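File shown: upload-v1.txt. Contents: compact mmCIF, C-alpha atoms.
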# COMPACT_ATOMS: atom_id res chain seq x y z
CA MET A 1 11.69 8.55 0.21
CA ILE A 2 9.64 7.11 3.04
CA VAL A 3 10.59 3.58 4.12
CA LYS A 4 8.56 1.39 6.45
CA THR A 5 9.73 -2.07 7.54
CA LEU A 6 6.54 -4.00 8.28
CA ASP A 7 8.24 -7.19 9.45
CA LYS A 8 11.14 -9.44 8.46
CA SER A 9 9.43 -10.34 5.20
CA ARG A 10 7.87 -7.05 4.02
CA ILE A 11 9.18 -3.54 3.44
CA VAL A 12 7.41 -0.55 1.84
CA PHE A 13 8.99 2.37 -0.03
CA THR A 14 7.06 5.50 -0.98
CA LEU A 15 8.68 7.66 -3.65
CA THR A 16 7.65 11.28 -4.01
CA THR A 17 6.99 13.08 -7.28
CA GLN A 18 10.40 14.75 -7.11
CA GLU A 19 12.19 11.45 -6.53
CA LEU A 20 10.44 9.94 -9.55
CA GLU A 21 11.33 12.99 -11.64
CA ASP A 22 14.96 12.70 -10.52
CA ARG A 23 14.94 9.15 -11.89
CA SER A 24 13.13 10.25 -15.10
CA ILE A 25 10.19 7.98 -14.27
CA HIS A 26 6.72 8.89 -15.54
CA LEU A 27 3.86 6.81 -14.15
CA SER A 28 1.81 7.31 -17.32
CA THR A 29 4.33 5.15 -19.20
CA PHE A 30 5.71 3.04 -16.34
CA ARG A 31 5.25 -0.67 -17.12
CA TYR A 32 6.56 -3.92 -15.71
CA GLY A 33 9.31 -5.45 -17.81
CA THR A 34 10.66 -2.16 -19.11
CA LYS A 35 14.21 -1.04 -18.47
CA GLU A 36 13.08 1.83 -16.23
CA ALA A 37 10.98 -0.53 -14.09
CA ASN A 38 13.78 -3.08 -13.78
CA ASP A 39 16.32 -0.37 -12.96
CA LEU A 40 14.03 1.13 -10.31
CA PHE A 41 13.31 -2.23 -8.69
CA LYS A 42 17.01 -3.14 -8.67
CA SER A 43 17.86 0.22 -7.07
CA ILE A 44 15.14 -0.16 -4.42
CA LEU A 45 16.30 -3.70 -3.64
CA GLN A 46 19.86 -2.46 -3.17
CA ILE A 47 18.64 0.19 -0.73
CA ALA A 48 16.55 -2.41 1.12
CA GLU A 49 19.52 -4.74 1.45
CA LYS A 50 22.20 -2.16 2.24
CA ASP A 51 20.35 0.29 4.48
CA PHE A 52 17.64 -1.91 6.03
CA HIS A 53 19.28 -5.37 6.02
CA PHE A 54 16.36 -6.76 4.01
CA GLU A 55 18.10 -9.87 2.61
CA ALA A 56 16.41 -12.23 0.18
CA ASP A 57 18.17 -15.29 1.65
CA ASN A 58 17.37 -17.38 -1.45
CA GLN A 59 13.67 -16.68 -1.00
CA GLN A 60 11.40 -15.52 -3.79
CA LEU A 61 10.69 -11.80 -3.94
CA LEU A 62 7.46 -10.16 -5.02
CA ILE A 63 7.76 -6.48 -5.90
CA GLU A 64 4.51 -4.54 -6.32
CA ALA A 65 4.34 -0.95 -7.51
CA VAL A 66 1.15 0.87 -6.53
CA PRO A 67 0.60 4.35 -8.04
CA LEU A 68 -0.59 6.97 -5.54
CA PRO A 69 -2.10 10.41 -6.12
CA LYS A 70 0.03 13.29 -7.37
CA ASN A 71 2.41 10.92 -9.20
CA GLU A 72 3.77 9.22 -6.10
CA LEU A 73 4.62 5.53 -6.10
CA MET A 74 4.42 2.93 -3.32
CA ILE A 75 6.69 -0.10 -3.78
CA ILE A 76 5.99 -3.14 -1.60
CA ILE A 77 8.67 -5.85 -1.42
CA SER A 78 7.63 -9.20 0.06
CA LYS A 79 9.67 -12.37 0.43
CA SER A 80 8.22 -15.83 0.72
CA THR A 81 8.84 -19.44 -0.22
CA THR A 82 5.23 -19.94 -1.29
CA PHE A 83 4.64 -17.52 -4.18
CA PRO A 84 3.30 -19.62 -7.06
CA VAL A 85 4.91 -19.57 -10.51
CA LEU A 86 7.37 -16.79 -9.76
CA ASN A 87 11.10 -17.29 -10.13
CA PRO A 88 13.51 -15.99 -7.45
CA ASN A 89 13.89 -12.20 -7.59
CA HIS A 90 11.06 -11.91 -10.12
CA SER A 91 9.47 -8.47 -10.16
CA VAL A 92 5.78 -7.72 -10.63
CA PHE A 93 4.40 -4.30 -11.45
CA ALA A 94 0.83 -4.01 -10.25
CA ASP A 95 -0.68 -1.96 -13.05
CA ASN A 96 -3.80 -0.94 -11.15
CA ARG A 97 -4.06 2.72 -11.96
CA TYR A 98 -7.25 4.56 -11.12
CA ASP A 99 -8.47 8.01 -11.97
CA GLN A 100 -6.58 10.49 -9.80
CA LYS A 101 -9.90 11.62 -8.32
CA ASP A 102 -10.61 8.09 -7.10
CA THR A 103 -7.24 6.64 -6.14
CA GLU A 104 -7.44 4.15 -3.33
CA VAL A 105 -5.10 2.19 -1.11
CA SER A 106 -6.13 -0.70 1.13
CA TYR A 107 -4.76 -2.10 4.38
CA VAL A 108 -5.41 -5.38 6.18
CA PHE A 109 -5.83 -5.75 9.95
CA ASN A 110 -5.93 -8.94 12.03
CA GLU A 111 -8.35 -7.56 14.63
CA LEU A 112 -11.14 -5.00 14.65
CA ASP A 113 -9.40 -3.41 17.64
CA ASP A 114 -6.50 -2.53 15.34
CA VAL A 115 -8.89 -0.67 13.05
CA LEU A 116 -10.34 1.14 16.07
CA ALA A 117 -6.85 2.11 17.20
CA LEU A 118 -6.09 3.53 13.75
CA ALA A 119 -9.37 5.46 13.63
CA ASN A 120 -8.77 6.92 17.08
CA SER A 121 -5.33 8.18 16.05
CA PHE A 122 -6.93 11.09 14.20
CA SER A 123 -9.21 13.93 15.22
CA THR A 124 -10.70 14.08 11.71
CA ILE A 125 -9.97 12.11 8.56
CA HIS A 126 -10.83 14.03 5.41
CA GLY A 127 -10.52 11.16 2.94
CA ARG A 128 -13.27 8.67 2.21
CA SER A 129 -12.85 5.18 3.68
CA SER A 130 -14.66 1.84 3.71
CA LEU A 131 -14.42 -1.18 6.01
CA TYR A 132 -14.74 -4.81 4.88
CA ARG A 133 -14.33 -8.30 6.33
CA PHE A 134 -12.77 -11.00 4.18
CA ASN A 135 -11.24 -14.34 5.18
CA ASN A 136 -11.54 -13.49 8.89
CA LYS A 137 -9.52 -10.30 8.51
CA TYR A 138 -10.55 -6.64 8.35
CA TYR A 139 -9.76 -4.40 5.39
CA VAL A 140 -9.83 -0.61 5.29
CA VAL A 141 -9.87 1.02 1.85
CA ILE A 142 -8.86 4.68 1.86
CA PHE A 143 -9.65 7.03 -1.02
CA TYR A 144 -7.14 9.87 -1.26
CA ASP A 145 -9.26 12.35 -3.23
CA ASN A 146 -9.77 14.89 -0.40
CA MET A 147 -6.40 14.59 1.36
CA ASP A 148 -3.40 16.82 1.08
CA TYR A 149 0.12 15.42 0.70
CA LYS A 150 1.10 15.48 4.38
CA GLU A 151 -2.17 13.94 5.49
CA ARG A 152 -1.80 11.06 3.03
CA LEU A 153 1.73 10.31 4.18
CA TYR A 154 0.75 10.52 7.84
CA LEU A 155 -2.27 8.28 7.34
CA ASN A 156 -0.18 5.71 5.46
CA ASP A 157 2.40 5.73 8.24
CA MET A 158 -0.24 5.29 10.93
CA ALA A 159 -2.05 2.55 8.98
CA CYS A 160 1.22 0.62 8.79
CA GLU A 161 1.54 0.89 12.58
CA TYR A 162 -1.63 -1.14 13.09
CA GLY A 163 -1.95 -3.12 9.85
CA ASN A 164 -0.26 -3.84 6.53
CA PRO A 165 -0.70 -2.70 2.93
CA THR A 166 -2.54 -5.36 0.95
CA GLN A 167 -1.65 -7.07 -2.29
CA ALA A 168 -2.42 -4.69 -5.16
CA TYR A 169 -5.42 -6.64 -6.48
CA ILE A 170 -7.31 -6.27 -3.19
CA ARG A 171 -9.32 -3.12 -3.86
CA SER A 172 -12.81 -2.00 -2.95
CA LYS A 173 -14.46 -3.76 -5.90
CA PHE A 174 -12.72 -7.03 -5.06
CA LEU A 175 -13.76 -6.78 -1.40
CA GLU A 176 -17.34 -5.88 -2.28
CA ARG A 177 -17.59 -8.97 -4.52
CA ASN A 178 -15.77 -11.43 -2.28
CA GLY A 179 -16.11 -10.13 1.25
CA GLU A 180 -18.62 -8.47 3.57
CA THR A 181 -19.09 -4.70 3.54
CA LEU A 182 -19.22 -3.52 7.15
CA ILE A 183 -19.13 0.27 6.66
CA LYS A 184 -19.42 1.58 3.13
CA TYR A 185 -18.93 5.31 3.70
CA ASP A 186 -16.73 7.35 6.06
CA ALA A 187 -15.65 4.21 7.92
CA LEU A 188 -12.67 5.58 9.88
CA ASN A 189 -14.55 8.64 11.14
CA LYS A 190 -17.47 6.44 12.18
CA MET A 191 -15.09 4.02 13.90
CA ALA A 192 -13.45 6.95 15.70
CA ASP A 193 -16.80 7.70 17.32
CA ILE A 194 -16.71 4.29 19.01
CA ARG A 195 -15.14 4.51 22.46
CA GLU A 196 -14.33 1.66 24.74
Please go through the file and, once you have read it, give me the structure as structure tokens.
Amino acid sequence: MIVKTLDKSRIVFTLTTQELEDRSIHLSTFRYGTKEANDLFKSILQIAEKDFHFEADNQQLLIEAVPLPKNELMIIISKSTTFPVLNPNHSVFADNRYDQKDTEVSYVFNELDDVLALANSFSTIHGRSSLYRFNNKYYVVIFYDNMDYKERLYLNDMACEYGNPTQAYIRSKFLERNGETLIKYDALNKMADIRE
């Protein structure tokens, strides 16, 4: 299990295929509201509280589960006092599965310099990527179709150093409709060619 504390209000867990198998979880049947989903979220919350001091402090929690390639699962826990409609400790499963050949994950960055720093952290990035601007922030969408397991984990870790995973509904189609497409194809490799 890979755990990344983004700040005091957000923490990300990435569960491997083996870890899901050990918990008898199959993404093809995993749905919000089921016993297996509730049990998983409760277990992850306990780990967050016990091992990473991620306390809810009477704040509302949003739990998003984002399927990754090769039956991996990213769980993003956010706490806030401003989530609409949700009750405290309410869990949400983001059922946004894509074809395994076109699975994508998106990250948000406050500054374009942060995107440049991410791009320059790699000699070559084999996965496809796109860059968008939306609401005065920059979004990088990464498609994992041509990446091996270690490269995906490393890229996710590096992306979280400079930016944050987005809410599950913010995908390439959403950004194309609502934002501005800055670089449609091979964005990170093209950004890496930019030197200060």
What's the separation between atom CA of A:Leu118 and atom CA of A:Leu188, in Å to one decimal place?
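Going from atom CA of A:Leu118 over to atom CA of A:Leu188 covers 7.9 Å.
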Tell me, in Å to one decimal, how far atom CA of A:Asn71 is from atom CA of A:Ala48.
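Atom CA of A:Ala48 lies 22.0 Å from atom CA of A:Asn71.
The space separating atom CA of A:Glu21 from atom CA of A:Lys50 comes to 23.2 Å.
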Selection: 7 Å around A:Arg171, only C-alpha atoms, excl. self and same-chain fewer than 3 positions, as a list of chain:residue names:
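The filter keeps A:Ser106, A:Phe174, A:Leu175.
Shortest atom-to-atom contact with A:Asn110 among A:Met74, A:Thr181, A:Tyr138, A:Arg133: A:Tyr138, counting only C-alpha atoms.
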A:Arg10, A:Arg177, A:Lys190, A:Lys137: which is nearest A:Ile77, counting only C-alpha atoms?
A:Arg10
Between A:Leu73, A:Ala119, A:Val140, A:Leu61, which one has atoms that come closest to A:His26, using only C-alpha atoms?
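The shortest atom-to-atom distance to A:His26 comes from A:Leu73.
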Judged by only C-alpha atoms, the minimum distance to A:Glu161 among A:Glu64, A:His53, A:Asp114, A:Asp186 is found for A:Asp114
Pick from A:Cys160, A:Ile170, A:Ile76, A:Leu116: nearest to A:Glu104, with all atoms listed in the file counted?
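When distances to A:Glu104 are compared using all atoms listed in the file, the smallest one comes from A:Ile170.
Nearest residue to A:Met158 among A:Leu131, A:Phe54, A:Leu6, A:Leu45 is A:Leu6, counting only C-alpha atoms.
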Would you please take stretch 117-190 of chain A of the structure in the block above and write C-alpha atoms to a file as a PDB file, in the first residue's frame?
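Produced file selection-v7.pdb, reproduced below:
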ATOM      1  CA  ALA A 117       8.954  20.894 -12.529  1.00  0.00           C
ATOM      2  CA  LEU A 118       7.023  17.629 -12.827  1.00  0.00           C
ATOM      3  CA  ALA A 119       7.851  17.267 -16.527  1.00  0.00           C
ATOM      4  CA  ASN A 120      11.541  17.900 -15.885  1.00  0.00           C
ATOM      5  CA  SER A 121      11.631  15.169 -13.232  1.00  0.00           C
ATOM      6  CA  PHE A 122      11.726  12.511 -15.958  1.00  0.00           C
ATOM      7  CA  SER A 123      14.068  11.765 -18.830  1.00  0.00           C
ATOM      8  CA  THR A 124      11.219  10.201 -20.831  1.00  0.00           C
ATOM      9  CA  ILE A 125       7.562   9.654 -20.025  1.00  0.00           C
ATOM     10  CA  HIS A 126       6.065   6.757 -21.945  1.00  0.00           C
ATOM     11  CA  GLY A 127       2.411   7.409 -21.136  1.00  0.00           C
ATOM     12  CA  ARG A 128       0.212   9.836 -23.023  1.00  0.00           C
ATOM     13  CA  SER A 129      -0.597  13.117 -21.280  1.00  0.00           C
ATOM     14  CA  SER A 130      -2.624  16.278 -21.902  1.00  0.00           C
ATOM     15  CA  LEU A 131      -2.492  19.745 -20.344  1.00  0.00           C
ATOM     16  CA  TYR A 132      -5.531  21.944 -19.666  1.00  0.00           C
ATOM     17  CA  ARG A 133      -6.357  25.227 -17.937  1.00  0.00           C
ATOM     18  CA  PHE A 134      -9.584  25.490 -15.958  1.00  0.00           C
ATOM     19  CA  ASN A 135     -10.618  28.019 -13.302  1.00  0.00           C
ATOM     20  CA  ASN A 136      -7.128  29.564 -13.265  1.00  0.00           C
ATOM     21  CA  LYS A 137      -5.464  26.251 -12.452  1.00  0.00           C
ATOM     22  CA  TYR A 138      -3.537  23.783 -14.608  1.00  0.00           C
ATOM     23  CA  TYR A 139      -4.588  20.165 -15.063  1.00  0.00           C
ATOM     24  CA  VAL A 140      -2.476  17.295 -16.353  1.00  0.00           C
ATOM     25  CA  VAL A 141      -4.317  14.161 -17.468  1.00  0.00           C
ATOM     26  CA  ILE A 142      -2.127  11.067 -17.688  1.00  0.00           C
ATOM     27  CA  PHE A 143      -3.145   7.968 -19.638  1.00  0.00           C
ATOM     28  CA  TYR A 144      -1.548   4.825 -18.243  1.00  0.00           C
ATOM     29  CA  ASP A 145      -1.831   2.609 -21.329  1.00  0.00           C
ATOM     30  CA  ASN A 146       1.906   2.473 -22.159  1.00  0.00           C
ATOM     31  CA  MET A 147       3.369   2.500 -18.640  1.00  0.00           C
ATOM     32  CA  ASP A 148       4.612  -0.389 -16.590  1.00  0.00           C
ATOM     33  CA  TYR A 149       3.696  -0.791 -12.921  1.00  0.00           C
ATOM     34  CA  LYS A 150       6.782   0.885 -11.428  1.00  0.00           C
ATOM     35  CA  GLU A 151       6.591   3.815 -13.819  1.00  0.00           C
ATOM     36  CA  ARG A 152       2.948   4.460 -12.950  1.00  0.00           C
ATOM     37  CA  LEU A 153       3.651   4.417  -9.222  1.00  0.00           C
ATOM     38  CA  TYR A 154       6.689   6.664  -9.616  1.00  0.00           C
ATOM     39  CA  LEU A 155       4.799   9.123 -11.808  1.00  0.00           C
ATOM     40  CA  ASN A 156       1.911   9.257  -9.335  1.00  0.00           C
ATOM     41  CA  ASP A 157       4.330   9.894  -6.481  1.00  0.00           C
ATOM     42  CA  MET A 158       6.102  12.663  -8.385  1.00  0.00           C
ATOM     43  CA  ALA A 159       2.816  14.256  -9.503  1.00  0.00           C
ATOM     44  CA  CYS A 160       1.738  14.448  -5.867  1.00  0.00           C
ATOM     45  CA  GLU A 161       4.993  16.257  -5.043  1.00  0.00           C
ATOM     46  CA  TYR A 162       4.033  19.184  -7.280  1.00  0.00           C
ATOM     47  CA  GLY A 163       0.234  18.961  -7.464  1.00  0.00           C
ATOM     48  CA  ASN A 164      -2.773  17.036  -6.185  1.00  0.00           C
ATOM     49  CA  PRO A 165      -5.062  14.317  -7.544  1.00  0.00           C
ATOM     50  CA  THR A 166      -8.322  15.845  -8.723  1.00  0.00           C
ATOM     51  CA  GLN A 167     -11.894  14.995  -7.870  1.00  0.00           C
ATOM     52  CA  ALA A 168     -12.890  11.876  -9.803  1.00  0.00           C
ATOM     53  CA  TYR A 169     -15.268  13.651 -12.200  1.00  0.00           C
ATOM     54  CA  ILE A 170     -12.495  15.884 -13.551  1.00  0.00           C
ATOM     55  CA  ARG A 171     -11.331  13.864 -16.538  1.00  0.00           C
ATOM     56  CA  SER A 172     -10.145  14.768 -20.014  1.00  0.00           C
ATOM     57  CA  LYS A 173     -13.668  15.007 -21.460  1.00  0.00           C
ATOM     58  CA  PHE A 174     -14.778  17.317 -18.661  1.00  0.00           C
ATOM     59  CA  LEU A 175     -11.718  19.544 -19.127  1.00  0.00           C
ATOM     60  CA  GLU A 176     -12.128  19.641 -22.898  1.00  0.00           C
ATOM     61  CA  ARG A 177     -15.747  20.783 -22.503  1.00  0.00           C
ATOM     62  CA  ASN A 178     -15.257  23.242 -19.662  1.00  0.00           C
ATOM     63  CA  GLY A 179     -11.650  24.372 -19.825  1.00  0.00           C
ATOM     64  CA  GLU A 180      -8.954  25.314 -22.325  1.00  0.00           C
ATOM     65  CA  THR A 181      -6.820  22.643 -23.973  1.00  0.00           C
ATOM     66  CA  LEU A 182      -3.204  23.827 -23.896  1.00  0.00           C
ATOM     67  CA  ILE A 183      -1.399  20.688 -25.104  1.00  0.00           C
ATOM     68  CA  LYS A 184      -3.525  17.820 -26.355  1.00  0.00           C
ATOM     69  CA  TYR A 185      -0.866  15.176 -26.996  1.00  0.00           C
ATOM     70  CA  ASP A 186       2.364  14.205 -25.219  1.00  0.00           C
ATOM     71  CA  ALA A 187       2.116  17.213 -22.904  1.00  0.00           C
ATOM     72  CA  LEU A 188       4.676  16.236 -20.255  1.00  0.00           C
ATOM     73  CA  ASN A 189       7.365  15.314 -22.778  1.00  0.00           C
ATOM     74  CA  LYS A 190       6.763  18.577 -24.634  1.00  0.00           C
TER      75      LYS A 190
END
